Amino acid sequence: MAQTGVIQNKAAAAASERDRSILRIRLVTLIGLIAAWEAFATLGRLEILYGDVIPSSWMIALAVFNELTSAEFYHHLGITFAEHIVGFVTGSLIAIALGISMGVNPLLRKAIEPYINAIGSTPKIIFLPILFLMFGTGIESKMAKGALSAFFPVVFTTVLGMALINPVLIKVGKSFNLSKWNMISKVYMPAMVNPVITGLRLGMAITVIGVLVAELKFSDGGLGYQLGIYYEQFRIAPMYAIIVIIFALAASANVGMTMLQDRVNRHMAPAATKGKGRRPAASGNLGVVATN
Amino acid sequence: MKSPAIVGLFGLLALAGVLELAVFVEFFPSFVVPRPSDTLMAFQPVQDDMDLIGNFFVTLGMTAAATGLALAIGIPFGYFLYRNPTYGIAYEGWLAAAFAAPTVLLYPLFLVVFGRSHTTLIAMGFIPGSIPIIIQTRQGLLGVSRTLVNVGRSFNLSEQEMFWKIQLPAAVPTIFTGIRIGVMYTLVNIVAIEYLIDFGGLGRIVSEMYFRFDTAGTYASIITVVLVSVLFYWGFGRIEKWLRPV
């Protein structure tokens, strides 16, 4: 018993030392990156290298503050948010409906899956001209682009989720003579919540990119539009500020969806495994290849 | 008749037929959706006018250069993270976050630094391409069976021999998954940036055709990009399948 205690203490000390080393590495890397950035900024100020294109980090911080305290920023954020939400919800609903249909009907799945895979691997931005022709260059085409971006990761994971459903559950549903709608709402949907949420998480991240890229090409509002305007006016610090804010918002959305997925995982885990050890987090894996 | 491929193909042809009819009876305006037959006929003029095939090779060249750079940096860095597990754990989360980040939005920064040039395209292709290669190289080496390593040790292999003869061959299938994902992301980003900045290969042609209000030409160039992506996706998928042990 005493020996076990000594081994556990040594293991805990080693783990704590490793955590300290990881923290040290991260801090040193961060400081090194900031120092390198500042060195480039100084070289730029001295007109030696990349004059005026790399502002110092405090200028970027100031620009972030200015953006966050201006009313115009929130106007553009509102436009991007509206485009994102409408696009994401529309694309996801269509994808879930089609994914379930493909899961229920193997012939349909085999017939259209190659086409979905083919278009899923292409850069969706290339379809922007078609969306501009159909919906104009206003907010509607950005919503459509958002829907197109969200559609593919969600449909891929819904089809996968349908394929992974325990056949016993389907047989039980059929033995109770459940209607189609009851099969979907009481058997399929609860059994594939986790893969669908994975798809929604990926879809949300890709929709953000899809909408912003569409705004950058043609728009009269939104954060992507604002980024393009700052670039055209060569206002470099505000341009970096918008990029920093976009990255922070995208990361927050991703973290939010990951937490939701982890919560669902905990809720849906078998009772026998509940509370025993740490389950793998939903983040950090390279699963579906979803392109913007 | 119930073969899925035939049903799929039949469905596609039926859709094209319905579209042809719908545009013919002006249910859809032809300046929004051209007749499929017009789109097919537009390939030759687009080739004559914009050199579709030549620009395919421009995009291919950019993708190859960016992928080469991603391999040259990604594989050694992934190996470094494998050899130094503390660094591996420290950077693991950052790499996953960078992979999910909207890196395509960084292109104005590269435009400011490098201008509208091939360097910008290669840099923008390199960033998303290198991250999966780094992650999968580390994962692949971490996943090498202990038995294989022990066999190498029993033969008294040096560190270098162990890497080249045991670890690398065993990790190749996983590393190749990273390369496949990396190449797809590189291609997608390069075409996207070409389209956004009207410079380079296939992406520029799509933008150019749209600006000319050549709807059939726009659709023809979009279909070309889709076909190129499918070719990459299919080709790399086949190689990956071939590399994976049964």
# chains A, B, ... in the order shown; residues from 1 in each chain; ligands from 1
call {"tool": "closest_atom_pairs", "arguments": {"of": "stretch 94-205 of chain B", "to": "stretch 240-249 of chain A", "cutoff": "9 Å", "atoms": "only C-alpha atoms", "output": "CSV"}}
result
residue,atom,partner,partner_atom,distance
B:Ala101,CA,A:Phe247,CA,6.6
B:Pro102,CA,A:Phe247,CA,6.9
B:Thr103,CA,A:Phe247,CA,8.7
B:Leu105,CA,A:Ile243,CA,7.2
B:Leu106,CA,A:Ile243,CA,7.3
B:Leu109,CA,A:Tyr240,CA,7.9
call {"tool": "residues_around", "arguments": {"residues": "B:Ile133", "least_positions_apart": "2", "cutoff": "8 Å", "atoms": "only C-alpha atoms", "output": "PyMOL selection string"}}
result
chain B and resi 70-71+74-75+78+129-131+135-137+175+178-179+181-182
call {"tool": "interface_residues", "arguments": {"of": "chain B", "to": "chain A", "cutoff": "7 Å", "atoms": "only C-alpha atoms", "output": "ChimeraX atom specification"}}
result
/B:4-5,7-8,32,86-87,90,93,96,101-102,108,112-113,181,185,188,192,196,210,222,226,229-230,233
call {"tool": "write_last_selection", "arguments": {"atoms": "N, CA and C atoms", "output": "compact mmCIF listing (two decimals), in the first residue's frame"}}
result
# COMPACT_ATOMS: atom_id res chain seq x y z
N PRO B 4 -27.12 1.91 -58.46
CA PRO B 4 -27.09 3.29 -57.95
C PRO B 4 -26.38 4.25 -58.90
N ALA B 5 -25.28 3.79 -59.52
CA ALA B 5 -24.53 4.69 -60.41
C ALA B 5 -25.39 5.09 -61.60
N VAL B 7 -28.72 5.03 -61.71
CA VAL B 7 -29.80 5.89 -61.21
C VAL B 7 -29.29 7.33 -61.03
N GLY B 8 -28.08 7.46 -60.45
CA GLY B 8 -27.48 8.77 -60.22
C GLY B 8 -27.25 9.50 -61.52
N VAL B 32 -29.42 34.09 -65.87
CA VAL B 32 -29.15 33.56 -64.53
C VAL B 32 -28.69 32.10 -64.62
N THR B 86 6.87 16.99 -25.03
CA THR B 86 6.36 18.16 -24.30
C THR B 86 5.97 19.26 -25.29
N TYR B 87 6.84 19.46 -26.30
CA TYR B 87 6.52 20.44 -27.35
C TYR B 87 5.27 19.99 -28.11
N ALA B 90 2.33 20.78 -26.05
CA ALA B 90 2.17 22.24 -25.94
C ALA B 90 1.57 22.84 -27.21
N GLY B 93 -2.85 21.73 -29.27
CA GLY B 93 -4.09 22.51 -29.25
C GLY B 93 -4.02 23.71 -30.18
N ALA B 96 -4.50 22.54 -33.75
CA ALA B 96 -5.91 22.22 -34.03
C ALA B 96 -6.71 23.52 -34.19
N ALA B 101 -9.16 27.73 -37.89
CA ALA B 101 -9.27 29.20 -38.01
C ALA B 101 -9.51 29.61 -39.47
N PRO B 102 -10.18 30.75 -39.66
CA PRO B 102 -10.44 31.22 -41.03
C PRO B 102 -9.21 31.85 -41.67
N PRO B 108 -5.50 39.61 -47.22
CA PRO B 108 -5.12 41.03 -47.38
C PRO B 108 -3.73 41.32 -46.80
N VAL B 112 -0.65 42.87 -48.90
CA VAL B 112 0.08 44.07 -48.49
C VAL B 112 1.59 43.80 -48.52
N VAL B 113 1.99 42.61 -48.09
CA VAL B 113 3.42 42.29 -48.01
C VAL B 113 3.97 41.90 -49.38
N ILE B 181 -5.32 15.69 -47.06
CA ILE B 181 -6.12 16.81 -46.53
C ILE B 181 -5.42 18.14 -46.85
N TYR B 185 -6.88 21.29 -49.09
CA TYR B 185 -7.01 22.63 -48.53
C TYR B 185 -6.17 23.65 -49.30
N VAL B 188 -8.00 24.36 -52.58
CA VAL B 188 -9.20 25.16 -52.32
C VAL B 188 -8.81 26.62 -52.02
N ALA B 192 -9.60 29.86 -54.31
CA ALA B 192 -10.40 30.92 -53.67
C ALA B 192 -9.70 32.27 -53.77
N LEU B 196 -10.74 35.69 -55.60
CA LEU B 196 -10.93 36.94 -54.86
C LEU B 196 -10.08 38.08 -55.39
N TYR B 210 -17.49 36.08 -65.12
CA TYR B 210 -18.63 36.73 -64.46
C TYR B 210 -18.65 38.22 -64.79
N ILE B 222 -16.74 27.21 -63.88
CA ILE B 222 -17.03 26.66 -62.55
C ILE B 222 -17.00 25.12 -62.62
N VAL B 226 -14.73 22.39 -60.54
CA VAL B 226 -15.31 21.23 -59.84
C VAL B 226 -14.62 19.94 -60.33
N SER B 229 -11.16 19.62 -58.84
CA SER B 229 -11.24 19.23 -57.42
C SER B 229 -11.57 17.75 -57.29
N VAL B 230 -12.53 17.29 -58.13
CA VAL B 230 -12.92 15.88 -58.09
C VAL B 230 -11.73 15.00 -58.46
N TYR B 233 -9.43 14.90 -55.51
CA TYR B 233 -10.07 14.15 -54.42
C TYR B 233 -10.02 12.65 -54.71
call {"tool": "residues_around", "arguments": {"residues": "stretch 200-204 of chain B", "least_positions_apart": "2", "cutoff": "8 Å", "atoms": "only C-alpha atoms", "output": "list of chain:residue names"}}
result
A:Ile126, B:Leu52, B:Asn55, B:Phe56, B:Phe57, B:Val58, B:Thr59, B:His118, B:Val191, B:Ala192, B:Ile193, B:Glu194, B:Tyr195, B:Leu196, B:Ile197, B:Asp198, B:Val206, B:Ser207, B:Glu208, B:Ser221, B:Val225
call {"tool": "select_by_dssp", "arguments": {"residues": "stretch 57-222 of chain B", "states": "alpha helix (DSSP H)", "output": "JSON list (two decimals) with C-alpha atoms, in the first residue's frame"}}
result
[["chain", "number", "residue", "atom", "x", "y", "z"],
["B", 57, "PHE", "CA", -1.48, 24.12, -65.07],
["B", 58, "VAL", "CA", -0.92, 27.54, -63.46],
["B", 59, "THR", "CA", -3.20, 26.54, -60.55],
["B", 60, "LEU", "CA", -1.59, 23.09, -60.49],
["B", 61, "GLY", "CA", 1.87, 24.68, -60.33],
["B", 62, "MET", "CA", 0.87, 26.96, -57.45],
["B", 63, "THR", "CA", -0.67, 24.00, -55.60],
["B", 64, "ALA", "CA", 2.46, 21.88, -56.20],
["B", 65, "ALA", "CA", 4.77, 24.67, -54.98],
["B", 66, "ALA", "CA", 2.68, 25.32, -51.85],
["B", 67, "THR", "CA", 2.37, 21.59, -51.13],
["B", 68, "GLY", "CA", 6.13, 21.10, -51.64],
["B", 69, "LEU", "CA", 6.80, 23.87, -49.14],
["B", 70, "ALA", "CA", 4.23, 22.42, -46.72],
["B", 71, "LEU", "CA", 5.91, 18.99, -46.98],
["B", 72, "ALA", "CA", 9.42, 20.43, -46.57],
["B", 73, "ILE", "CA", 8.41, 22.23, -43.37],
["B", 74, "GLY", "CA", 5.50, 20.12, -42.12],
["B", 75, "ILE", "CA", 7.14, 16.69, -42.00],
["B", 76, "PRO", "CA", 10.34, 17.79, -40.16],
["B", 77, "PHE", "CA", 8.26, 19.87, -37.75],
["B", 78, "GLY", "CA", 5.89, 16.96, -37.13],
["B", 79, "TYR", "CA", 8.93, 14.75, -36.49],
["B", 80, "PHE", "CA", 10.32, 17.35, -34.06],
["B", 81, "LEU", "CA", 7.01, 17.36, -32.17],
["B", 82, "TYR", "CA", 7.11, 13.56, -32.01],
["B", 83, "ARG", "CA", 10.70, 13.49, -30.72],
["B", 85, "PRO", "CA", 6.60, 15.10, -26.57],
["B", 86, "THR", "CA", 6.36, 18.16, -24.30],
["B", 87, "TYR", "CA", 6.52, 20.44, -27.35],
["B", 88, "GLY", "CA", 4.05, 18.11, -29.07],
["B", 89, "ILE", "CA", 1.49, 18.49, -26.29],
["B", 90, "ALA", "CA", 2.17, 22.24, -25.94],
["B", 91, "TYR", "CA", 1.52, 22.93, -29.64],
["B", 92, "GLU", "CA", -1.16, 20.28, -30.26],
["B", 93, "GLY", "CA", -4.09, 22.51, -29.25],
["B", 94, "TRP", "CA", -2.67, 25.52, -31.08],
["B", 95, "LEU", "CA", -2.32, 23.52, -34.28],
["B", 96, "ALA", "CA", -5.91, 22.22, -34.03],
["B", 97, "ALA", "CA", -7.13, 25.80, -33.43],
["B", 98, "ALA", "CA", -5.08, 27.09, -36.38],
["B", 99, "PHE", "CA", -6.55, 24.34, -38.57],
["B", 100, "ALA", "CA", -10.10, 25.47, -37.72],
["B", 107, "TYR", "CA", -4.95, 37.21, -47.67],
["B", 108, "PRO", "CA", -5.12, 41.03, -47.38],
["B", 109, "LEU", "CA", -2.04, 40.83, -45.13],
["B", 110, "PHE", "CA", -0.13, 38.84, -47.74],
["B", 111, "LEU", "CA", -1.34, 41.18, -50.47],
["B", 112, "VAL", "CA", 0.08, 44.07, -48.49],
["B", 113, "VAL", "CA", 3.42, 42.29, -48.01],
["B", 114, "PHE", "CA", 3.87, 40.44, -51.34],
["B", 118, "HIS", "CA", 2.27, 34.16, -57.16],
["B", 119, "THR", "CA", 4.10, 34.42, -53.82],
["B", 120, "THR", "CA", 0.83, 35.49, -52.17],
["B", 121, "LEU", "CA", -0.97, 32.50, -53.70],
["B", 122, "ILE", "CA", 1.75, 30.06, -52.61],
["B", 123, "ALA", "CA", 1.85, 31.52, -49.08],
["B", 124, "MET", "CA", -1.95, 31.33, -48.79],
["B", 125, "GLY", "CA", -1.89, 27.73, -50.00],
["B", 126, "PHE", "CA", 0.99, 26.79, -47.73],
["B", 127, "ILE", "CA", -0.67, 27.86, -44.45],
["B", 128, "PRO", "CA", -3.73, 25.56, -44.49],
["B", 129, "GLY", "CA", -1.76, 22.81, -46.25],
["B", 130, "SER", "CA", 1.05, 22.51, -43.72],
["B", 131, "ILE", "CA", -1.09, 22.18, -40.55],
["B", 132, "PRO", "CA", -2.68, 18.77, -41.30],
["B", 133, "ILE", "CA", 0.71, 17.47, -42.47],
["B", 134, "ILE", "CA", 2.34, 18.48, -39.16],
["B", 135, "ILE", "CA", -0.51, 16.98, -37.10],
["B", 136, "GLN", "CA", -0.71, 13.72, -39.04],
["B", 137, "THR", "CA", 3.09, 13.24, -39.15],
["B", 138, "ARG", "CA", 3.20, 13.41, -35.36],
["B", 139, "GLN", "CA", 0.13, 11.18, -35.03],
["B", 140, "GLY", "CA", 1.56, 8.67, -37.51],
["B", 141, "LEU", "CA", 4.88, 8.38, -35.71],
["B", 142, "LEU", "CA", 3.16, 8.17, -32.31],
["B", 146, "ARG", "CA", 5.80, -0.95, -30.12],
["B", 147, "THR", "CA", 6.45, -4.43, -31.54],
["B", 148, "LEU", "CA", 7.96, -2.95, -34.72],
["B", 149, "VAL", "CA", 10.17, -0.62, -32.65],
["B", 150, "ASN", "CA", 11.26, -3.54, -30.43],
["B", 151, "VAL", "CA", 12.14, -5.59, -33.53],
["B", 152, "GLY", "CA", 14.31, -2.69, -34.71],
["B", 153, "ARG", "CA", 15.99, -2.51, -31.30],
["B", 154, "SER", "CA", 16.65, -6.27, -31.30],
["B", 159, "GLU", "CA", 18.41, 6.10, -34.47],
["B", 160, "GLN", "CA", 18.67, 7.04, -38.14],
["B", 161, "GLU", "CA", 18.12, 3.47, -39.37],
["B", 168, "LEU", "CA", 8.69, 6.25, -41.41],
["B", 169, "PRO", "CA", 7.37, 3.30, -43.48],
["B", 170, "ALA", "CA", 4.95, 2.38, -40.67],
["B", 171, "ALA", "CA", 3.72, 5.97, -40.39],
["B", 172, "VAL", "CA", 3.37, 6.60, -44.15],
["B", 173, "PRO", "CA", -0.39, 5.79, -44.41],
["B", 174, "THR", "CA", -1.26, 8.23, -41.61],
["B", 175, "ILE", "CA", 1.13, 10.89, -42.93],
["B", 176, "PHE", "CA", -0.43, 10.51, -46.36],
["B", 177, "THR", "CA", -3.88, 11.20, -44.89],
["B", 178, "GLY", "CA", -2.41, 14.52, -43.71],
["B", 179, "ILE", "CA", -0.91, 15.13, -47.16],
["B", 180, "ARG", "CA", -4.28, 14.41, -48.85],
["B", 181, "ILE", "CA", -6.12, 16.81, -46.53],
["B", 182, "GLY", "CA", -3.30, 19.35, -46.93],
["B", 183, "VAL", "CA", -3.38, 19.20, -50.74],
["B", 184, "MET", "CA", -7.16, 19.62, -50.84],
["B", 185, "TYR", "CA", -7.01, 22.63, -48.53],
["B", 186, "THR", "CA", -4.11, 24.09, -50.50],
["B", 187, "LEU", "CA", -5.99, 23.74, -53.80],
["B", 188, "VAL", "CA", -9.20, 25.16, -52.32],
["B", 189, "ASN", "CA", -7.42, 28.15, -50.81],
["B", 190, "ILE", "CA", -5.41, 28.91, -53.94],
["B", 191, "VAL", "CA", -8.49, 28.79, -56.21],
["B", 192, "ALA", "CA", -10.40, 30.92, -53.67],
["B", 193, "ILE", "CA", -7.68, 33.57, -53.52],
["B", 194, "GLU", "CA", -7.30, 33.51, -57.33],
["B", 195, "TYR", "CA", -11.01, 34.24, -57.54],
["B", 196, "LEU", "CA", -10.93, 36.94, -54.86],
["B", 197, "ILE", "CA", -7.95, 38.88, -56.23],
["B", 202, "LEU", "CA", -8.70, 28.85, -62.79],
["B", 203, "GLY", "CA", -10.17, 31.07, -60.05],
["B", 204, "ARG", "CA", -9.30, 34.17, -62.08],
["B", 205, "ILE", "CA", -11.11, 32.78, -65.14],
["B", 206, "VAL", "CA", -14.34, 32.30, -63.15],
["B", 207, "SER", "CA", -14.13, 35.90, -61.93],
["B", 208, "GLU", "CA", -13.30, 37.20, -65.42],
["B", 209, "MET", "CA", -16.20, 35.34, -67.05],
["B", 210, "TYR", "CA", -18.63, 36.73, -64.46],
["B", 211, "PHE", "CA", -17.41, 40.28, -65.03],
["B", 215, "THR", "CA", -23.14, 33.28, -68.02],
["B", 216, "ALA", "CA", -22.47, 30.11, -70.02],
["B", 217, "GLY", "CA", -18.71, 30.76, -69.80],
["B", 218, "THR", "CA", -19.00, 31.35, -66.03],
["B", 219, "TYR", "CA", -20.79, 28.02, -65.59],
["B", 220, "ALA", "CA", -18.28, 26.24, -67.87],
["B", 221, "SER", "CA", -15.32, 27.58, -65.85],
["B", 222, "ILE", "CA", -17.03, 26.66, -62.55]]
call {"tool": "closest_residue", "arguments": {"among": "A:Lys180, A:Arg263, A:Val196, A:His75", "to": "A:Gln226", "atoms": "only C-alpha atoms"}}
result
A:His75
call {"tool": "atom_distance", "arguments": {"atom1": "atom CA of A:Phe151", "atom2": "atom CA of A:Ile96"}}
result
8.5 Å
